[in-house]
Every structure is written in C-alpha cells, then in structure tokens.
file target.cif (mmCIF, C-alpha atoms and all ligand atoms)
data_start
loop_
_atom_site.label_atom_id
_atom_site.label_comp_id
_atom_site.auth_asym_id
_atom_site.auth_seq_id
_atom_site.Cartn_x
_atom_site.Cartn_y
_atom_site.Cartn_z
CA MET A 1 22.55 1.43 10.07
CA SER A 2 20.83 2.92 13.03
CA GLU A 3 22.28 0.88 15.91
CA ALA A 4 24.72 2.47 18.31
CA ARG A 5 28.07 0.87 17.74
CA GLY A 6 30.72 0.03 20.27
CA GLU A 7 34.48 -0.10 19.99
CA PRO A 8 36.22 -2.24 17.36
CA ALA A 9 36.44 -5.93 18.19
CA GLN A 10 38.91 -6.94 20.85
CA PRO A 11 39.79 -10.51 21.84
CA GLN A 12 36.94 -11.56 24.08
CA ALA A 13 34.27 -14.16 24.50
CA THR A 14 30.63 -13.52 23.70
CA HIS A 15 28.02 -16.17 24.45
CA GLY A 16 30.87 -18.55 25.19
CA PHE A 17 32.29 -18.04 21.68
CA ALA A 18 35.83 -16.72 21.57
CA ILE A 19 36.27 -13.95 19.02
CA ARG A 20 39.85 -13.79 17.77
CA PRO A 21 41.28 -10.39 16.96
CA SER A 22 40.66 -9.57 13.34
CA SER A 23 40.66 -6.56 11.09
CA ARG A 24 37.67 -8.06 9.33
CA VAL A 25 35.33 -8.37 12.28
CA ILE A 26 34.84 -4.68 12.57
CA SER A 27 32.67 -4.29 15.61
CA LEU A 28 30.82 -5.87 18.43
CA PHE A 29 28.10 -3.89 20.03
CA ASN A 30 25.44 -4.46 22.59
CA ASP A 31 21.83 -3.67 22.93
CA ARG A 32 19.92 -4.75 26.00
CA THR A 33 19.13 -8.17 24.58
CA CYS A 34 22.35 -9.49 23.10
CA SER A 35 25.59 -8.63 21.39
CA ALA A 36 25.91 -8.81 17.64
CA MET A 37 28.87 -9.18 15.36
CA GLU A 38 29.15 -7.45 12.05
CA LEU A 39 31.34 -7.90 9.01
CA LYS A 40 31.51 -4.71 7.01
CA GLY A 41 31.93 -4.57 3.25
CA LYS A 42 31.78 -1.72 0.75
CA LYS A 43 28.19 -2.30 -0.36
CA VAL A 44 26.74 -4.49 2.35
CA THR A 45 27.31 -5.35 5.99
CA LEU A 46 26.65 -8.78 7.46
CA ARG A 47 25.26 -8.47 10.95
CA GLU A 48 24.00 -11.14 13.26
CA LEU A 49 20.26 -10.91 13.53
CA ARG A 50 18.68 -9.79 16.77
CA GLN A 51 15.12 -9.81 18.04
CA ILE A 52 14.52 -6.30 16.69
CA ASP A 53 15.18 -7.71 13.19
CA ALA A 54 12.26 -10.18 13.35
CA GLU A 55 9.69 -7.87 11.70
CA PRO A 56 11.95 -6.64 8.86
CA LEU A 57 13.11 -10.21 8.23
CA LEU A 58 9.52 -11.41 8.05
CA ALA A 59 8.65 -8.62 5.58
CA HIS A 60 11.73 -9.49 3.49
CA ARG A 61 10.84 -13.19 3.34
CA LYS A 62 7.17 -12.54 2.54
CA CYS A 63 8.15 -10.12 -0.21
CA ASN A 64 10.47 -12.71 -1.81
CA LEU A 65 8.51 -15.92 -1.23
CA THR A 66 7.95 -16.73 -4.90
CA PHE A 67 11.45 -15.68 -5.92
CA PHE A 68 13.21 -17.77 -3.26
CA GLU A 69 11.01 -20.81 -3.90
CA LYS A 70 12.55 -21.19 -7.36
CA THR A 71 15.91 -22.19 -5.87
CA LEU A 72 15.39 -22.72 -2.13
CA PRO A 73 13.12 -25.11 -0.20
CA LYS A 74 9.65 -23.70 0.47
CA LEU A 75 9.28 -22.10 3.89
CA PRO A 76 6.54 -23.73 5.98
CA ASP A 77 3.53 -21.44 6.40
CA CYS A 78 3.92 -21.58 10.18
CA SER A 79 7.34 -19.93 9.84
CA LEU A 80 5.90 -16.68 8.53
CA THR A 81 5.21 -15.06 11.88
CA PRO A 82 7.35 -12.68 13.96
CA GLU A 83 7.18 -15.15 16.87
CA TYR A 84 8.60 -18.01 14.81
CA ILE A 85 11.34 -15.80 13.40
CA GLY A 86 12.16 -14.57 16.90
CA GLN A 87 12.63 -18.20 17.97
CA GLU A 88 14.70 -18.85 14.86
CA ILE A 89 16.99 -15.94 15.73
CA GLU A 90 17.47 -17.45 19.19
CA ARG A 91 18.15 -20.90 17.67
CA ASN A 92 20.75 -19.35 15.39
CA ARG A 93 22.46 -17.81 18.40
CA CYS A 94 22.69 -21.32 19.89
CA ARG A 95 23.99 -22.73 16.59
CA ARG A 96 26.73 -20.10 16.65
CA GLU A 97 27.65 -21.04 20.21
CA GLU A 98 28.05 -24.68 19.21
CA GLY A 99 29.95 -23.70 16.05
CA SER A 100 27.54 -25.31 13.59
CA ALA A 101 26.30 -22.13 11.89
CA TYR A 102 27.07 -18.43 11.67
CA ARG A 103 24.03 -16.64 10.26
CA PHE A 104 23.80 -12.99 9.37
CA GLY A 105 21.36 -10.52 7.93
CA VAL A 106 22.70 -8.76 4.82
CA PHE A 107 22.20 -5.02 5.25
CA GLU A 108 22.61 -2.54 2.43
CA ASN A 109 25.14 0.09 3.49
CA ALA A 110 23.49 2.93 1.54
CA SER A 111 20.07 2.49 3.15
CA GLY A 112 20.65 0.31 6.22
CA ASP A 113 17.87 -1.96 4.93
CA LEU A 114 17.84 -5.72 5.32
CA VAL A 115 18.24 -7.04 1.77
CA GLY A 116 19.18 -10.67 2.32
CA GLU A 117 20.52 -13.43 4.52
CA ALA A 118 23.85 -15.25 4.49
CA GLU A 119 25.37 -17.95 6.62
CA LEU A 120 28.32 -20.24 7.03
CA SER A 121 26.82 -23.53 8.06
CA LYS A 122 26.87 -27.27 7.91
CA PRO A 123 24.33 -28.57 5.43
CA GLU A 124 21.07 -29.73 6.92
CA LYS A 125 20.21 -33.43 6.63
CA SER A 126 23.82 -34.32 5.90
CA CYS A 127 26.67 -35.80 7.88
CA ASP A 128 29.13 -33.58 5.99
CA PRO A 129 30.93 -31.74 8.79
CA ARG A 130 32.14 -28.85 6.65
CA LEU A 131 30.82 -25.34 7.00
CA GLY A 132 29.99 -23.57 3.76
CA PRO A 133 28.43 -20.36 2.47
CA HIS A 134 24.68 -20.11 1.87
CA TYR A 135 23.11 -16.88 0.72
CA ALA A 136 19.97 -15.23 -0.58
CA ILE A 137 19.41 -11.66 -1.73
CA GLY A 138 15.95 -10.18 -2.27
CA LYS A 139 14.87 -9.95 -5.90
CA ARG A 140 14.74 -6.15 -5.90
CA HIS A 141 18.38 -5.96 -4.82
CA CYS A 142 19.86 -8.60 -7.13
CA GLY A 143 22.39 -7.80 -9.83
CA GLN A 144 24.39 -5.31 -7.78
CA GLY A 145 27.12 -7.58 -6.49
CA TYR A 146 25.56 -7.91 -3.03
CA ALA A 147 25.68 -11.72 -2.92
CA THR A 148 29.28 -11.69 -4.16
CA GLU A 149 30.31 -9.34 -1.39
CA ALA A 150 28.32 -11.28 1.21
CA VAL A 151 30.11 -14.51 0.22
CA LYS A 152 33.47 -12.72 0.30
CA LEU A 153 32.79 -11.53 3.86
CA LEU A 154 31.73 -15.05 4.89
CA LEU A 155 34.90 -16.54 3.40
CA GLU A 156 37.13 -13.94 5.04
CA TYR A 157 35.50 -14.75 8.34
CA GLY A 158 35.64 -18.52 7.82
CA PHE A 159 39.21 -18.75 6.59
CA GLY A 160 40.38 -15.97 8.89
CA ASP A 161 38.70 -15.93 12.28
CA LEU A 162 37.37 -19.48 12.24
CA GLN A 163 40.58 -20.85 10.70
CA LEU A 164 38.71 -23.27 8.42
CA ASP A 165 40.88 -25.20 5.98
CA LEU A 166 38.07 -26.02 3.53
CA VAL A 167 34.52 -24.86 2.93
CA ARG A 168 31.87 -26.85 1.09
CA THR A 169 28.48 -25.91 -0.23
CA GLY A 170 25.89 -27.14 -2.70
CA VAL A 171 23.87 -25.41 -5.41
CA LEU A 172 21.30 -26.35 -7.99
CA PRO A 173 23.25 -26.82 -11.23
CA ASP A 174 20.86 -24.50 -13.09
CA ASN A 175 21.17 -21.70 -10.52
CA CYS A 176 23.56 -19.90 -12.85
CA ALA A 177 24.10 -16.78 -10.75
CA ALA A 178 24.86 -18.81 -7.59
CA VAL A 179 27.25 -21.10 -9.50
CA ARG A 180 28.97 -18.09 -11.07
CA ILE A 181 29.57 -16.51 -7.67
CA LEU A 182 31.25 -19.68 -6.39
CA GLN A 183 33.36 -20.07 -9.52
CA ASN A 184 34.47 -16.44 -9.28
CA PHE A 185 35.96 -17.24 -5.87
CA GLY A 186 37.75 -20.33 -7.17
CA PHE A 187 35.33 -22.98 -5.87
CA GLN A 188 35.72 -26.31 -7.67
CA GLU A 189 33.03 -28.90 -8.35
CA ASP A 190 33.20 -31.80 -5.92
CA GLY A 191 30.59 -34.29 -7.06
CA VAL A 192 26.91 -34.45 -6.36
CA TRP A 193 25.65 -33.49 -2.92
CA ALA A 194 24.20 -36.51 -1.18
CA GLU A 195 21.34 -34.37 0.07
CA ARG A 196 18.32 -33.85 -2.17
CA LEU A 197 16.28 -30.70 -1.88
CA GLU A 198 12.57 -30.39 -2.47
CA ILE A 199 12.24 -27.42 -4.82
CA GLN A 200 8.81 -26.51 -6.18
CA GLY A 201 7.57 -30.02 -5.47
CA VAL A 202 10.48 -31.73 -7.23
CA SER A 203 13.32 -33.57 -5.50
CA ARG A 204 16.55 -32.03 -6.80
CA ASP A 205 20.23 -32.91 -6.59
CA LEU A 206 22.76 -30.27 -5.66
CA VAL A 207 26.24 -29.99 -7.10
CA ALA A 208 28.82 -29.75 -4.34
CA TYR A 209 31.53 -27.07 -4.53
CA VAL A 210 34.63 -26.79 -2.37
CA LEU A 211 37.21 -24.09 -1.74
CA SER A 212 40.39 -24.62 0.25
CA THR A 213 42.12 -21.95 2.26
CA LYS A 214 45.16 -22.41 -0.03
CA VAL A 215 43.20 -21.59 -3.19
CA TRP A 216 41.42 -18.75 -1.38
CA ARG A 217 44.67 -17.22 -0.25
CA SER A 218 46.29 -17.58 -3.66
CA GLY A 219 43.50 -15.45 -5.13
CA ASP A 220 43.08 -13.18 -2.14
CA GLY A 221 46.64 -11.97 -1.93
C1 LIG B 301 21.67 -16.21 -6.61
C2 LIG B 301 21.65 -14.87 -5.90
C3 LIG B 301 22.22 -15.05 -4.51
C4 LIG B 301 22.49 -13.84 -6.69
O1 LIG B 301 22.52 -12.63 -5.97
P1 LIG B 301 23.09 -11.28 -6.63
O2 LIG B 301 23.25 -10.28 -5.53
O3 LIG B 301 22.23 -10.89 -7.78
O4 LIG B 301 24.50 -11.76 -7.17
P2 LIG B 301 25.72 -10.83 -7.63
O5 LIG B 301 25.17 -9.57 -8.21
O6 LIG B 301 26.67 -10.71 -6.49
O7 LIG B 301 26.50 -11.70 -8.71
C5 LIG B 301 25.85 -12.58 -9.55
C6 LIG B 301 26.89 -13.13 -10.54
O8 LIG B 301 26.18 -14.07 -11.34
C7 LIG B 301 26.12 -13.56 -12.67
N1 LIG B 301 24.80 -13.88 -13.16
C8 LIG B 301 23.61 -13.35 -12.85
N2 LIG B 301 22.64 -13.97 -13.52
C9 LIG B 301 23.24 -14.94 -14.26
C10 LIG B 301 22.78 -15.90 -15.18
N3 LIG B 301 21.49 -16.04 -15.47
N4 LIG B 301 23.70 -16.72 -15.76
C11 LIG B 301 25.00 -16.63 -15.48
N5 LIG B 301 25.51 -15.71 -14.60
C12 LIG B 301 24.63 -14.88 -14.04
C13 LIG B 301 26.39 -12.07 -12.56
O9 LIG B 301 26.85 -11.54 -13.80
C14 LIG B 301 27.44 -12.07 -11.47
O10 LIG B 301 28.67 -12.56 -11.96
P3 LIG B 301 29.90 -11.56 -12.32
O11 LIG B 301 30.26 -10.88 -10.99
O12 LIG B 301 30.98 -12.45 -12.80
O13 LIG B 301 29.38 -10.59 -13.34
C15 LIG B 301 20.19 -14.31 -5.80
O14 LIG B 301 19.61 -14.32 -7.09
C16 LIG B 301 19.30 -15.11 -4.86
O15 LIG B 301 19.32 -14.87 -3.68
N6 LIG B 301 18.52 -16.04 -5.37
C17 LIG B 301 17.59 -16.81 -4.56
C18 LIG B 301 18.29 -17.64 -3.47
C19 LIG B 301 19.41 -18.48 -4.04
O16 LIG B 301 19.30 -19.07 -5.10
N7 LIG B 301 20.51 -18.53 -3.30
C20 LIG B 301 21.67 -19.31 -3.68
C21 LIG B 301 21.53 -20.66 -3.06
S1 LIG B 301 23.04 -21.52 -3.23
#
call {"tool": "encode", "arguments": {"input": "target.cif", "output": "structure tokens"}}
result
Amino acid sequence: MSEARGEPAQPQATHGFAIRPSSRVISLFNDRTCSAMELKGKKVTLRELRQIDAEPLLAHRKCNLTFFEKTLPKLPDCSLTPEYIGQEIERNRCRREEGSAYRFGVFENASGDLVGEAELSKPEKSCDPRLGPHYAIGKRHCGQGYATEAVKLLLEYGFGDLQLDLVRTGVLPDNCAAVRILQNFGFQEDGVWAERLEIQGVSRDLVAYVLSTKVWRSGDG
C-alpha cells in the first residue's frame, strides 16, 4: 500500500470514536482529509475508505457489476459516479461514528489493489440491532481465501475492540461460498431473515447466521 503510515494504534479518539488498544488494529494514519484505520492480515488488509479511494472503488464496482448482481442487490445507476461514492464514503464515516457500521475496503497485500469491500453492520431495512459481517470480493480475486481472511479480521475487530457478544448476518441459502465461510468460523443457522432482498428481479429470503463470542473464542484459541 502506498499511503504513509503512522505509529501503531494507541488509545485515542478519532471522529469521536474511542479506539481501544489492540494488537489487531495495527495502525491509524492521517492524510489531510481524515484518519483511517486498518486491520492487517496475511493476504489482505482492511482499511477504511477515504476520498482518494472513490475512483478505484468505482472501477472495482463497475468491473464486477454482473458478478455481484447474482447475490447482492443491484446498485442503482446513479450510484456509479465518483461523486456518489465520495458521498457514500462520508456517510460511512458517519455510520462509524454512530456505531451502526464499520466499512472497509479490502486491499490485496501483494499488490496494494482494492479487491473487495467488507463491513460489520446492522442489516438495512431491519430492526435487528446486531452488527454482522458483510463482504464481497471481485470475481478476479475469488478463490484465494481473501473473503475468509476479511471475515476473520472483521470478527477479531468486532469481538475484540468492539466487545460484541454476538454477531448476526444473512446470506442467500444457495450462495454456497458465502455459507461455507460462515460455517468455517462456527456460525450457526438462526432461522430465516425477516428482510427480503431483491436479487435479479426476484424477492429472496436470507438465512440468518449467528456467532457468539464464546463459540468464536473456543475456536480462536
Ligand atoms: C462469496 C465470496 C465473498 C467468496 O469470496 P472468496 O474470496 O472466493 O472466498 P474464499 O476464497 O475466502 O473462501 C470460499 C470458501 O467457500 C468454498 N467455496 C467456493 N465455492 C464454493 C461452492 N460453489 N460450493 C461450496 N463451497 C464453495 C471455498 O472452498 C472456501 O471454503 P474452504 O476455505 O473451506 O475451502 C465472493 O464470491 C463474492 O464476493 N461474491 C459476491 C458477493 C457475495 O455474494 N457476498 C456474500 C454476501 S453474504
């Protein structure tokens, strides 16, 4: 990654959000526009998106439109502009401040390229208060364990720094790779998600999956 990095994270508040000391949150650094947090893994690093990421993020989404539309809601056409994505990045900063979502770009360590997106968030259109992992990796970079590592970093952050006791997410039952990732971490089925998603013009149910900190820690050592 090309950004200049600062010192390892120390207890401090950024944007009104207190960062607890953690070995997992490896750095906070500043550019002139905002600070960004990153969670470093072996293959990928999750880093909060900044305004300079708007163009690469737009290119990534455009490149994967058809692929993502098989399992994720269609992006509105108006969202495919750098201006819209810039506003979205700002909105995500606000969501982090209020504690409703923690969204990151997924950057490949070998190249520094943006290869996906991942977030811990409350589901949209639902009164379920639980945060949970949501993730998408570009088609060209699938099959290399990137989503697995991204989810691991999200869970370490959620159960560690955010001190969550349970995370909850929903997936399409036929999204075999996404289901497999959750099962590999010990997620258990928890009924049908009340929310329905419009996927390729069809209203679909999601299967809810939960993971408690106890189960996570028993597998995490
Ligand atoms: C689903 C998605 C995140 C997977 O990303 P990825 O980086 O390829 O995933 P990983 O390489 O980390 O791991 C995939 C796991 O699923 C398994 N898998 C892949 N395809 C599979 C299939 N068709 N059936 C069953 N398991 C499958 C892999 O073997 C691996 O499991 P393993 O570690 O036990 O071997 C990616 O395809 C994607 O972004 N899709 C579009 C968006 C999306 O669906 N997001 C999930 C919304 S909940």
call {"tool": "residues_near_ligand", "arguments": {"input": "target.cif", "ligand": "ligand LIG 301 (chain B)", "cutoff": "10 Å", "atoms": "all atoms listed in the file", "output": "ChimeraX atom specification"}}
result
/A:64-73,115-118,133-152,169-185,206-207
call {"tool": "atom_distance", "arguments": {"input": "target.cif", "atom1": "atom CA of Tyr209 of chain A", "atom2": "atom CA of Glu88 of chain A"}}
result
27.0 Å
call {"tool": "closest_residue", "arguments": {"input": "target.cif", "among": "A:Cys63, A:Leu153, A:Cys78, A:Ala36", "to": "Arg96 of chain A", "atoms": "only C-alpha atoms"}}
result
A:Ala36
call {"tool": "atom_distance", "arguments": {"input": "target.cif", "atom1": "atom CA of Gly105 of chain A", "atom2": "atom CA of Ser218 of chain A"}}
result
28.4 Å
call {"tool": "residues_around", "arguments": {"input": "target.cif", "residues": "Trp216 of chain A", "least_positions_apart": "2", "cutoff": "10 Å", "atoms": "only C-alpha atoms", "output": "PyMOL selection string"}}
result
chain A and resi 155-156+159+165-166+185-187+211-214+218-221
call {"tool": "residues_around", "arguments": {"input": "target.cif", "residues": "Ile89 of chain A", "least_positions_apart": "5", "cutoff": "8 Å", "atoms": "all atoms listed in the file", "output": "list in words"}}
result
Leu49, Arg50, Gln51 and Ala54 of chain A
call {"tool": "atom_distance", "arguments": {"input": "target.cif", "atom1": "atom CA of Glu189 of chain A", "atom2": "atom CA of Val106 of chain A"}}
result
26.2 Å
call {"tool": "residues_around", "arguments": {"input": "target.cif", "residues": "Val167 of chain A", "least_positions_apart": "4", "cutoff": "6 Å", "atoms": "all atoms listed in the file", "output": "ChimeraX atom specification"}}
result
/A:130-132,210-211
call {"tool": "residues_near_point", "arguments": {"input": "target.cif", "point": "(22.9, -21.7, 10.9)", "cutoff": "7 Å", "atoms": "all atoms listed in the file", "output": "list in words"}}
result
Asn92, Arg95, Ser100, Ala101, Tyr102, Arg103, Glu119, Leu120 and Ser121 of chain A
call {"tool": "closest_residue", "arguments": {"input": "target.cif", "among": "A:Tyr157, A:Pro82, A:Ser111, A:Gln87", "to": "Met37 of chain A", "atoms": "all atoms listed in the file"}}
result
A:Tyr157
call {"tool": "closest_residue", "arguments": {"input": "target.cif", "among": "A:Arg217, A:Asp77, A:Leu162, A:Pro123", "to": "Arg196 of chain A", "atoms": "all atoms listed in the file"}}
result
A:Pro123
call {"tool": "closest_residue", "arguments": {"input": "target.cif", "among": "A:Leu80, A:Val192, A:Ala59, A:Ala110", "to": "Thr45 of chain A", "atoms": "all atoms listed in the file"}}
result
A:Ala110
